[in-house]
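Shown below: query-v3.cif, with mmCIF, C-alpha atoms.
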```cif
data_my_file
#
loop_
_atom_site.label_atom_id
_atom_site.label_comp_id
_atom_site.auth_asym_id
_atom_site.auth_seq_id
_atom_site.Cartn_x
_atom_site.Cartn_y
_atom_site.Cartn_z
CA ALA Q 15 147.14 41.90 -11.64
CA PRO Q 16 145.60 44.71 -9.56
CA ALA Q 17 142.16 43.19 -10.12
CA ARG Q 18 143.34 39.79 -8.87
CA ARG Q 19 144.89 41.40 -5.78
CA SER Q 20 141.61 43.22 -4.99
CA ARG Q 21 139.63 39.98 -5.33
CA ARG Q 22 142.08 38.20 -3.02
CA ALA Q 23 141.71 41.02 -0.48
CA ALA Q 24 137.93 40.78 -0.71
CA TRP Q 25 138.04 37.04 -0.13
CA LYS Q 26 140.23 37.61 2.92
CA LEU Q 27 137.74 40.15 4.32
CA TRP Q 28 134.71 37.98 3.57
CA PRO Q 29 134.83 35.94 6.85
CA ALA Q 30 135.15 39.18 8.83
CA ASN Q 31 132.19 40.67 6.97
CA MET Q 32 130.13 37.55 7.61
CA ALA Q 33 130.96 37.68 11.32
CA TRP Q 34 129.97 41.35 11.41
CA GLN Q 35 126.69 40.65 9.62
CA ARG Q 36 126.01 37.72 11.95
CA SER Q 37 126.56 40.01 14.94
CA LEU Q 38 124.18 42.59 13.53
CA LEU Q 39 121.58 39.91 12.89
CA LEU Q 40 121.84 38.59 16.45
CA LEU Q 41 121.60 42.12 17.80
CA ALA Q 42 118.47 42.78 15.72
CA LEU Q 43 116.90 39.53 16.88
CA GLY Q 44 117.71 40.41 20.48
CA LEU Q 45 116.09 43.83 20.13
CA MET Q 46 113.01 42.28 18.54
CA LEU Q 47 112.75 39.75 21.39
CA PHE Q 48 113.10 42.53 23.98
CA TYR Q 49 110.41 44.59 22.23
CA ALA Q 50 108.05 41.61 22.01
CA THR Q 51 108.58 40.80 25.70
CA SER Q 52 107.92 44.40 26.71
CA MET Q 53 104.76 44.62 24.65
CA TRP Q 54 103.57 41.30 26.09
CA ARG Q 55 103.91 42.66 29.60
CA LEU Q 56 102.14 45.90 28.68
CA PHE Q 57 99.22 44.11 27.14
CA LYS Q 58 98.92 41.22 29.59
CA ILE Q 59 95.65 42.66 30.92
CA VAL Q 60 94.05 41.89 27.58
CA ARG Q 61 95.94 38.69 26.85
CA ARG Q 62 96.10 36.72 30.06
CA GLU Q 63 93.41 34.46 31.49
CA GLY Q 64 90.74 35.89 33.78
CA THR Q 65 91.55 36.45 37.45
CA SER Q 66 89.69 34.21 39.85
CA THR Q 67 87.96 35.42 42.97
CA GLU Q 68 90.36 33.42 45.14
CA GLU Q 69 93.32 35.19 43.52
CA ILE Q 70 91.74 38.56 44.24
CA GLN Q 71 91.21 37.66 47.87
CA THR Q 72 94.68 36.30 48.51
CA ALA Q 73 96.52 39.01 46.59
CA ILE Q 74 95.87 41.67 49.21
CA PRO Q 75 97.85 41.00 52.39
CA LEU Q 76 96.26 41.05 55.80
CA SER Q 77 96.61 44.08 58.03
CA GLN Q 78 100.13 44.68 59.16
CA PRO Q 79 101.52 46.96 61.86
CA SER Q 80 102.85 50.29 60.65
CA GLU Q 81 106.38 49.38 61.85
CA SER Q 82 106.65 46.57 59.29
CA ILE Q 83 105.90 48.71 56.26
CA SER Q 84 108.74 48.37 53.79
CA GLN Q 85 110.62 51.33 52.38
CA ASN Q 86 109.60 49.99 48.97
CA ASP Q 87 106.17 51.50 49.64
CA PHE Q 88 107.75 54.89 49.04
CA LEU Q 89 109.90 54.07 46.03
CA ASP Q 90 108.81 54.07 42.41
CA SER Q 91 110.93 54.53 39.31
CA THR Q 92 108.03 56.29 37.58
CA VAL Q 93 108.03 59.12 40.13
CA GLU Q 94 110.54 61.95 40.02
CA GLY Q 95 111.62 63.61 43.23
CA GLN Q 96 110.60 63.11 46.84
CA LEU Q 97 107.03 62.22 47.72
CA PRO Q 98 105.01 64.70 49.79
CA ASP Q 99 105.38 64.22 53.54
CA THR Q 100 101.61 63.83 53.91
CA PHE Q 101 101.69 60.89 51.50
CA GLN Q 102 104.38 59.09 53.45
CA ALA Q 103 102.71 59.85 56.79
CA VAL Q 104 99.47 58.15 55.74
CA LEU Q 105 101.28 55.06 54.50
CA LYS Q 106 103.08 54.84 57.84
CA ASN Q 107 100.03 55.46 60.01
CA TYR Q 108 97.42 53.40 58.14
CA SER Q 109 97.69 49.64 57.93
CA VAL Q 110 96.56 47.60 54.93
CA VAL Q 111 92.87 46.69 55.18
CA PRO Q 112 92.11 42.95 54.93
CA PHE Q 113 90.11 42.26 51.80
CA SER Q 114 87.40 40.57 53.86
CA ASP Q 115 86.77 43.94 55.55
CA VAL Q 116 86.65 45.97 52.33
CA LYS Q 117 83.33 47.32 51.03
CA ILE Q 118 83.07 47.68 47.26
CA VAL Q 119 80.47 50.10 45.91
CA PHE Q 120 79.42 50.19 42.25
CA VAL Q 121 77.54 53.31 41.13
CA LEU Q 122 75.81 52.41 37.86
CA THR Q 123 74.43 55.47 36.12
CA TYR Q 124 74.35 57.50 32.88
CA TYR Q 125 76.21 60.40 31.33
CA ARG Q 126 74.90 63.70 32.72
CA ALA Q 127 72.76 62.00 35.37
CA GLY Q 128 74.10 64.01 38.31
CA ALA Q 129 76.61 61.49 39.63
CA ALA Q 130 79.03 64.20 40.78
CA LEU Q 131 77.03 64.81 43.95
CA LEU Q 132 76.92 61.12 44.87
CA ASN Q 133 80.63 60.69 44.04
CA GLU Q 134 81.57 63.53 46.38
CA LEU Q 135 79.30 62.16 49.05
CA LEU Q 136 80.66 58.61 48.92
CA SER Q 137 84.29 59.77 48.75
CA SER Q 138 84.02 62.32 51.56
CA ASP Q 139 85.44 59.84 54.06
CA ASP Q 140 89.24 59.79 54.24
CA ARG Q 141 89.65 56.06 53.70
CA THR Q 142 87.50 55.81 50.58
CA PHE Q 143 89.23 55.21 47.24
CA LEU Q 144 87.17 56.42 44.26
CA HIS Q 145 87.65 55.12 40.73
CA PHE Q 146 85.94 57.64 38.45
CA GLU Q 147 84.97 56.12 35.09
CA PRO Q 148 87.88 53.63 34.95
CA LEU Q 149 86.49 52.17 31.71
CA GLY Q 150 86.97 55.45 29.85
CA MET Q 151 89.97 53.93 28.08
CA PHE Q 152 87.63 51.45 26.34
CA THR Q 153 85.08 53.89 24.90
CA VAL Q 154 84.66 57.67 24.82
CA ASN Q 155 80.92 58.08 25.27
CA GLY Q 156 79.29 54.71 24.70
CA ARG Q 157 78.73 51.54 26.66
CA ILE Q 158 81.06 48.56 26.77
CA ARG Q 159 80.48 46.25 23.84
CA GLN Q 160 80.26 42.51 24.38
CA GLY Q 161 83.62 41.92 22.73
CA ARG Q 162 85.38 44.15 25.26
CA GLU Q 163 83.40 43.08 28.31
CA HIS Q 164 85.89 40.41 29.38
CA HIS Q 165 88.82 42.83 29.25
CA ALA Q 166 86.85 45.54 31.05
CA PHE Q 167 86.09 43.29 34.00
CA GLN Q 168 89.69 42.07 34.09
CA LEU Q 169 90.67 45.69 34.69
CA ILE Q 170 87.96 46.11 37.33
CA GLU Q 171 89.17 43.01 39.19
CA GLU Q 172 92.73 44.33 39.26
CA LEU Q 173 91.55 47.71 40.57
CA ILE Q 174 89.38 46.08 43.23
CA ALA Q 175 92.48 44.23 44.45
CA CYS Q 176 94.60 47.42 44.26
CA ARG Q 177 97.00 45.82 41.78
CA MET Q 178 97.73 48.89 39.68
CA GLU Q 179 101.15 47.54 38.72
CA ASN Q 180 99.34 44.88 36.66
CA VAL Q 181 97.52 47.47 34.53
CA PRO Q 182 100.24 49.82 33.22
CA LEU Q 183 98.18 50.95 30.24
CA TYR Q 184 95.43 52.11 32.61
CA THR Q 185 97.78 54.23 34.71
CA VAL Q 186 99.33 55.71 31.56
CA TRP Q 187 95.83 56.59 30.31
CA LEU Q 188 95.02 58.06 33.71
CA GLU Q 189 97.90 60.53 33.38
CA GLY Q 190 96.10 62.17 30.47
CA THR Q 191 92.93 62.81 32.50
CA ASP Q 192 91.99 64.71 35.63
CA PHE Q 193 89.99 61.77 36.97
CA HIS Q 194 92.37 61.23 39.88
CA LYS Q 195 91.27 64.60 41.26
CA ARG Q 196 87.85 63.09 41.97
CA ASN Q 197 89.58 60.67 44.34
CA ARG Q 198 89.91 62.82 47.45
CA PHE Q 199 91.88 60.27 49.43
CA MET Q 200 94.52 60.03 46.70
CA SER Q 201 94.63 63.63 45.41
CA LYS Q 202 94.91 65.07 48.90
CA LEU Q 203 98.04 63.01 49.51
CA CYS Q 204 99.83 63.27 46.18
CA GLN Q 205 99.11 67.02 45.91
CA ASP Q 206 98.48 66.78 42.16
CA GLY Q 207 101.98 65.47 41.52
CA GLN Q 208 103.21 62.47 39.56
CA ALA Q 209 102.47 60.22 42.51
CA CYS Q 210 98.77 60.62 41.67
CA THR Q 211 99.14 58.18 38.78
CA SER Q 212 102.15 56.19 39.97
CA PRO Q 213 101.11 52.48 39.99
CA SER Q 214 102.89 51.46 43.19
CA HIS Q 215 101.81 54.51 45.17
CA MET Q 216 98.23 54.21 43.97
CA SER Q 217 98.28 50.58 45.08
CA ALA Q 218 99.72 51.49 48.47
CA VAL Q 219 96.98 54.03 49.19
CA CYS Q 220 94.23 51.89 47.68
CA SER Q 221 95.13 48.88 49.84
CA ARG Q 222 94.68 51.09 52.91
CA SER Q 223 91.13 52.07 51.95
CA SER Q 224 88.20 50.43 53.68
CA THR Q 225 85.71 51.43 50.96
CA ARG Q 226 86.39 51.31 47.21
CA VAL Q 227 83.89 53.15 45.05
CA PHE Q 228 83.55 52.70 41.27
CA LYS Q 229 81.46 55.08 39.19
CA PHE Q 230 80.35 53.58 35.85
CA ALA Q 231 78.32 55.11 33.06
CA ARG Q 232 79.69 52.59 30.56
CA LEU Q 233 78.28 49.37 32.00
CA TYR Q 234 74.84 47.82 31.73
CA VAL Q 235 73.33 46.51 34.95
CA SER Q 236 73.02 43.13 33.24
CA GLN Q 237 76.78 43.03 32.63
CA VAL Q 238 77.46 43.59 36.33
CA SER Q 239 74.84 41.01 37.25
CA ASN Q 240 76.43 38.36 35.02
CA TRP Q 241 79.90 39.17 36.35
CA LEU Q 242 78.73 38.77 39.95
CA LYS Q 243 77.21 35.39 39.08
CA ARG Q 244 80.65 34.29 37.92
CA ASN Q 245 82.20 35.64 41.14
CA PRO Q 246 79.84 34.59 43.97
CA VAL Q 247 82.44 35.08 46.71
CA LEU Q 248 83.28 38.57 45.52
CA ALA Q 249 79.57 39.37 45.39
CA ASN Q 250 79.47 39.29 49.19
CA SER Q 251 81.57 42.47 49.29
CA VAL Q 252 79.83 44.39 46.50
CA ARG Q 253 77.10 47.00 46.90
CA VAL Q 254 75.32 48.31 43.81
CA ILE Q 255 73.69 51.73 43.58
CA HIS Q 256 71.57 52.36 40.49
CA LEU Q 257 71.58 56.14 40.20
CA VAL Q 258 68.87 57.41 37.87
CA ARG Q 259 67.68 60.82 36.77
CA ASP Q 260 64.69 61.98 34.79
CA PRO Q 261 65.61 60.96 31.20
CA ARG Q 262 64.24 64.27 29.94
CA ALA Q 263 66.75 66.13 32.12
CA VAL Q 264 69.56 63.79 31.09
CA TYR Q 265 68.81 64.28 27.41
CA TYR Q 266 68.55 68.06 27.75
CA SER Q 267 71.93 68.16 29.50
CA ARG Q 268 73.54 65.90 26.91
CA ARG Q 269 72.41 68.11 24.06
CA ARG Q 270 74.65 70.84 25.45
CA GLN Q 271 77.80 68.68 25.45
CA LYS Q 272 79.82 68.55 22.22
CA TRP Q 273 81.49 65.28 23.19
CA CYS Q 274 78.03 63.71 23.39
CA THR Q 275 76.36 65.21 20.33
CA SER Q 276 79.05 63.67 18.13
CA SER Q 277 77.88 60.16 19.08
CA ALA Q 278 74.58 58.62 18.02
CA GLU Q 279 74.56 56.39 21.09
CA CYS Q 280 74.90 59.39 23.40
CA ASP Q 281 72.95 61.95 21.40
CA LYS Q 282 69.73 60.03 20.66
CA ALA Q 283 66.88 60.02 23.16
CA SER Q 284 65.82 56.59 21.95
CA ALA Q 285 69.26 55.16 22.79
CA LEU Q 286 69.11 56.64 26.29
CA CYS Q 287 65.63 55.23 26.86
CA GLU Q 288 66.70 51.79 25.67
CA GLN Q 289 69.67 51.78 28.05
CA MET Q 290 67.52 52.83 31.00
CA ARG Q 291 64.80 50.34 30.05
CA SER Q 292 67.35 47.53 29.98
CA ASP Q 293 68.86 48.59 33.31
CA VAL Q 294 65.52 48.96 35.08
CA SER Q 295 64.60 45.43 34.06
CA ALA Q 296 68.01 43.95 34.93
CA PHE Q 297 68.06 45.72 38.30
CA LYS Q 298 65.00 43.75 39.37
CA GLU Q 299 66.91 40.53 38.68
CA LEU Q 300 69.98 41.88 40.47
CA ALA Q 301 67.89 42.74 43.53
CA ARG Q 302 66.75 39.11 43.68
CA GLN Q 303 70.30 37.90 43.18
CA LEU Q 304 71.97 39.92 45.97
CA PRO Q 305 71.06 40.43 49.65
CA ASP Q 306 68.72 43.30 50.51
CA ASN Q 307 71.55 45.36 51.99
CA SER Q 308 73.56 45.18 48.76
CA VAL Q 309 71.36 46.99 46.23
CA GLN Q 310 69.63 50.35 46.14
CA ARG Q 311 68.10 52.51 43.44
CA LEU Q 312 68.48 56.23 44.04
CA ARG Q 313 66.85 59.09 42.16
CA PHE Q 314 69.09 62.11 41.72
CA GLU Q 315 66.17 64.46 42.28
CA ASP Q 316 65.42 62.91 45.67
CA LEU Q 317 69.05 63.21 46.77
CA VAL Q 318 69.17 66.91 45.85
CA ALA Q 319 65.81 67.72 47.43
CA ASN Q 320 66.56 65.97 50.73
CA PRO Q 321 70.28 65.14 50.91
CA LEU Q 322 70.46 64.35 54.62
CA ASN Q 323 67.55 61.92 54.80
CA GLU Q 324 68.43 60.22 51.52
CA THR Q 325 72.07 59.84 52.55
CA VAL Q 326 71.22 58.37 55.95
CA LYS Q 327 68.76 55.99 54.30
CA LEU Q 328 71.32 54.97 51.65
CA TYR Q 329 74.12 54.36 54.13
CA ARG Q 330 71.87 52.40 56.46
CA ARG Q 331 70.53 50.30 53.61
CA LEU Q 332 73.99 49.37 52.29
CA SER Q 333 75.63 49.07 55.72
CA LEU Q 334 78.14 51.80 54.90
CA ASP Q 335 79.94 53.77 57.60
CA TYR Q 336 78.21 57.10 58.16
CA THR Q 337 81.23 58.96 59.52
CA SER Q 338 81.70 62.52 60.75
CA SER Q 339 83.33 63.34 57.39
CA VAL Q 340 80.11 62.45 55.57
CA SER Q 341 78.07 64.53 58.01
CA GLN Q 342 80.44 67.47 57.62
CA TYR Q 343 80.26 67.28 53.83
CA LEU Q 344 76.47 67.47 53.91
CA ALA Q 345 76.58 70.39 56.36
CA THR Q 346 79.01 72.45 54.29
CA ARG Q 347 77.88 71.54 50.78
CA LYS Q 348 76.31 74.40 48.88
CA GLY Q 349 74.09 74.08 45.86
CA PRO Q 350 70.72 75.40 44.67
CA ARG Q 351 67.96 72.87 45.16
CA ASP Q 352 66.09 74.08 42.08
CA ALA Q 353 69.06 73.40 39.76
CA PRO Q 354 67.87 69.89 38.76
CA ASP Q 355 64.57 71.37 37.50
CA ARG Q 356 65.91 74.22 35.36
CA TRP Q 357 65.62 72.12 32.24
CA LYS Q 358 61.82 72.17 32.64
CA ARG Q 359 61.76 75.89 31.87
CA ARG Q 360 64.08 75.63 28.89
CA ILE Q 361 63.24 72.45 26.97
CA SER Q 362 60.91 72.80 24.00
CA LYS Q 363 57.53 71.09 24.02
CA ALA Q 364 58.30 69.26 20.79
CA THR Q 365 61.47 67.77 22.26
CA LEU Q 366 59.67 67.03 25.50
CA SER Q 367 56.91 65.19 23.70
CA SER Q 368 59.32 63.06 21.66
CA ILE Q 369 61.24 61.99 24.76
CA GLU Q 370 58.11 61.18 26.72
CA ASP Q 371 56.90 59.08 23.84
CA ALA Q 372 60.21 57.17 23.62
CA CYS Q 373 60.62 56.79 27.41
CA TYR Q 374 56.98 56.33 28.39
CA ASP Q 375 57.48 53.09 30.33
CA VAL Q 376 60.78 54.25 31.86
CA LEU Q 377 59.25 57.47 33.20
CA GLU Q 378 56.32 55.55 34.58
CA GLY Q 379 58.47 52.83 36.14
CA LEU Q 380 60.74 55.31 37.90
CA GLY Q 381 57.87 57.43 39.18
CA TYR Q 382 58.35 60.57 37.09
CA GLN Q 383 55.32 62.67 36.16
CA PHE Q 384 54.50 63.37 32.53
CA MET Q 385 54.63 67.02 31.54
CA VAL Q 386 52.90 67.08 28.15
CA PRO Q 387 49.14 66.43 28.40
CA ILE Q 388 47.58 64.15 25.80
CA VAL Q 389 45.65 67.10 24.33
CA GLU Q 390 48.84 69.06 23.73
CA GLU Q 391 50.49 66.01 22.17
CA GLU Q 392 47.66 65.80 19.66
CA GLN Q 393 48.07 69.49 18.88
CA LEU Q 394 51.81 69.04 18.39
CA GLU Q 395 51.17 66.21 15.97
#
```
Taking this structure as input, can you express it in the form of structure tokens?
Amino acid sequence: APARRSRRAAWKLWPANMAWQRSLLLLALGLMLFYATSMWRLFKIVRREGTSTEEIQTAIPLSQPSESISQNDFLDSTVEGQLPDTFQAVLKNYSVVPFSDVKIVFVLTYYRAGAALLNELLSSDDRTFLHFEPLGMFTVNGRIRQGREHHAFQLIEELIACRMENVPLYTVWLEGTDFHKRNRFMSKLCQDGQACTSPSHMSAVCSRSSTRVFKFARLYVSQVSNWLKRNPVLANSVRVIHLVRDPRAVYYSRRRQKWCTSSAECDKASALCEQMRSDVSAFKELARQLPDNSVQRLRFEDLVANPLNETVKLYRRLSLDYTSSVSQYLATRKGPRDAPDRWKRRISKATLSSIEDACYDVLEGLGYQFMVPIVEEEQLE
């Protein structure tokens, strides 16, 4: 009898148990749907279709008077606390720059090729927004592979248009680096706080910049050339600087960096020479593709030896604004002029000979003098 009563009680509870299980199942499905939706939004940069040039142009609003700036410019759920007064003052005093008036500068170079000087020079003006190695989230010390090229340029297009809210993974990655400190316009305002990597505040400052500089050591010149062919309207706003340095100096500097010696692509002289050889060839095609005032090759050694003349020549060539801030930076910058040549006194002849053999045509094409005479090469062999 007790057993029958327990079975009857169980049968009575069965509908309630089923309802409870059904509720749990619906809750689990709801959580899974929410998670899938969130992940879709996070990864939309790598899943959605490519952004067209027209979308980039229309996404940035035309200049607006400072009185019409919304309070939303100063609010962001990802930022804790009040923004610095200097940050808010700039947003109030500077209007958004029409995209048609924006100058985009690509610095295509190599690891340890002396780009720091050029970065500081180009970003010395207050209204210049510098993106330092934005493709670092794709590869540590190599170049962008073909399979990731599409996604890399999707990110670049969003950054050009100052749409940082569309690339949340990039801003999260940026928080783990000090790259934002290279951006003087941004770092000076956010004072090294959380606003430095806040998507909406980065976008607000970026959209008020008249020049947007991108430093890349992870792109081939040919990749940029092909991208510009697909975006002919955008190409009218882009300037390309091919910054080169003596490959012997680059290789010597790389050999002293642990992050580079762990990678065959970064550590081998032959890989460096092949990259430079490819870029030198592709740059000739790019120079034919773009107007004369849109491309310039610059040797690091020339910039260090004669910074004023080389800077004036570069700015005039690319129709960049040579402001008082640029002039002041050159006047106050300190640095030994012989620093770029120190490697010559420290590199071994055997290493020197192997690099010159691998980079023979590159050295010759870029106008660098050979250091190991043929007689000494025979003796080394």
Nearest-residue call for Leu380 of chain Q, choices Q:Arg270, Q:Lys202, Q:Arg222, Q:His256, using only C-alpha atoms: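 The answer is Q:His256, which sits nearest to Leu380 of chain Q.
The smallest atom-to-atom distance between Val294 of chain Q and any of Q:Asn323, Q:Ser137, Q:Gln310, Q:Ser109, using all atoms listed in the file, is found for Q:Gln310.
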Please list, as an mmCIF file with C-alpha atoms, in the coordinates of the input, the residues that have an atom at most 10 Å away from (85.2, 44.4, 36.6) in the coordinates of this file, counting all atoms listed in the file.
```cif
data_model
loop_
_atom_site.group_PDB
_atom_site.id
_atom_site.type_symbol
_atom_site.label_atom_id
_atom_site.label_comp_id
_atom_site.auth_asym_id
_atom_site.auth_seq_id
_atom_site.Cartn_x
_atom_site.Cartn_y
_atom_site.Cartn_z
ATOM 1 C CA PHE Q 120 79.420 50.190 42.250
ATOM 2 C CA PRO Q 148 87.880 53.630 34.950
ATOM 3 C CA LEU Q 149 86.490 52.170 31.710
ATOM 4 C CA GLU Q 163 83.400 43.080 28.310
ATOM 5 C CA HIS Q 164 85.890 40.410 29.380
ATOM 6 C CA HIS Q 165 88.820 42.830 29.250
ATOM 7 C CA ALA Q 166 86.850 45.540 31.050
ATOM 8 C CA PHE Q 167 86.090 43.290 34.000
ATOM 9 C CA GLN Q 168 89.690 42.070 34.090
ATOM 10 C CA LEU Q 169 90.670 45.690 34.690
ATOM 11 C CA ILE Q 170 87.960 46.110 37.330
ATOM 12 C CA GLU Q 171 89.170 43.010 39.190
ATOM 13 C CA GLU Q 172 92.730 44.330 39.260
ATOM 14 C CA LEU Q 173 91.550 47.710 40.570
ATOM 15 C CA ILE Q 174 89.380 46.080 43.230
ATOM 16 C CA PHE Q 228 83.550 52.700 41.270
ATOM 17 C CA LEU Q 233 78.280 49.370 32.000
ATOM 18 C CA GLN Q 237 76.780 43.030 32.630
ATOM 19 C CA VAL Q 238 77.460 43.590 36.330
ATOM 20 C CA TRP Q 241 79.900 39.170 36.350
ATOM 21 C CA LEU Q 242 78.730 38.770 39.950
#
```
At most 12 Å is the cut-off: for each residue in segment 107-176 of chain Q with any atom that close to an atom of segment 339-347 of chain Q, write down the nearest atom pair and the distance in Å rounded to one decimal, counting all atoms listed in the file, chain first then increasing number, as JSON lines.
```
{"residue": "Q:Leu131", "atom": "CA", "partner": "Q:Arg347", "partner_atom": "CA", "distance": 9.6}
{"residue": "Q:Leu132", "atom": "CA", "partner": "Q:Leu344", "partner_atom": "CA", "distance": 11.1}
{"residue": "Q:Asn133", "atom": "CA", "partner": "Q:Val340", "partner_atom": "CA", "distance": 11.7}
{"residue": "Q:Glu134", "atom": "CA", "partner": "Q:Tyr343", "partner_atom": "CA", "distance": 8.4}
{"residue": "Q:Leu135", "atom": "CA", "partner": "Q:Val340", "partner_atom": "CA", "distance": 6.6}
{"residue": "Q:Leu136", "atom": "CA", "partner": "Q:Val340", "partner_atom": "CA", "distance": 7.7}
{"residue": "Q:Ser137", "atom": "CA", "partner": "Q:Val340", "partner_atom": "CA", "distance": 8.4}
{"residue": "Q:Ser138", "atom": "CA", "partner": "Q:Val340", "partner_atom": "CA", "distance": 5.6}
{"residue": "Q:Asp139", "atom": "CA", "partner": "Q:Ser339", "partner_atom": "CA", "distance": 5.3}
{"residue": "Q:Asp140", "atom": "CA", "partner": "Q:Ser339", "partner_atom": "CA", "distance": 7.6}
{"residue": "Q:Arg141", "atom": "CA", "partner": "Q:Ser339", "partner_atom": "CA", "distance": 10.3}
{"residue": "Q:Thr142", "atom": "CA", "partner": "Q:Ser339", "partner_atom": "CA", "distance": 11.0}
```
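We find atom CA of Leu144 of chain Q and atom CA of Asn197 of chain Q to be spaced 4.9 Å apart.
Here atom CA of Phe230 of chain Q and atom CA of Lys348 of chain Q stand 24.9 Å from one another.
Here the question is which of Q:Glu370, Q:Glu378, Q:Glu279, Q:Glu324 gets nearest to Thr153 of chain Q using all atoms listed in the file, and that residue is Q:Glu279.
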For atom CA of Gly349 of chain Q and atom CA of Arg313 of chain Q, determine how far apart the two atoms are, in Å to one decimal place.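 So the two atoms, atom CA of Gly349 of chain Q and atom CA of Arg313 of chain Q, lie 17.1 Å apart.
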Near Thr365 of chain Q, within 10 Å and counting all atoms listed in the file, which residues show up once chain neighbours fewer than 5 positions away are dropped, as a VMD selection string? chain Q and resid 262 265 to 266 283 370 to 371
Translate the PyMOL selection byres ((chain Q and resi 301-305) around 12), as applied to the file shown, into an explicit residue set as a ChimeraX atom specification. /Q:235-236,238-243,246-256,293-300,306-311,331-333
12 Å contact set for Ser223 of chain Q, only C-alpha atoms, chain neighbours under 6 positions out, as a ChimeraX atom specification: /Q:74,77,104-105,108-113,115-118,137,139-144,174-176,197-200,216-217
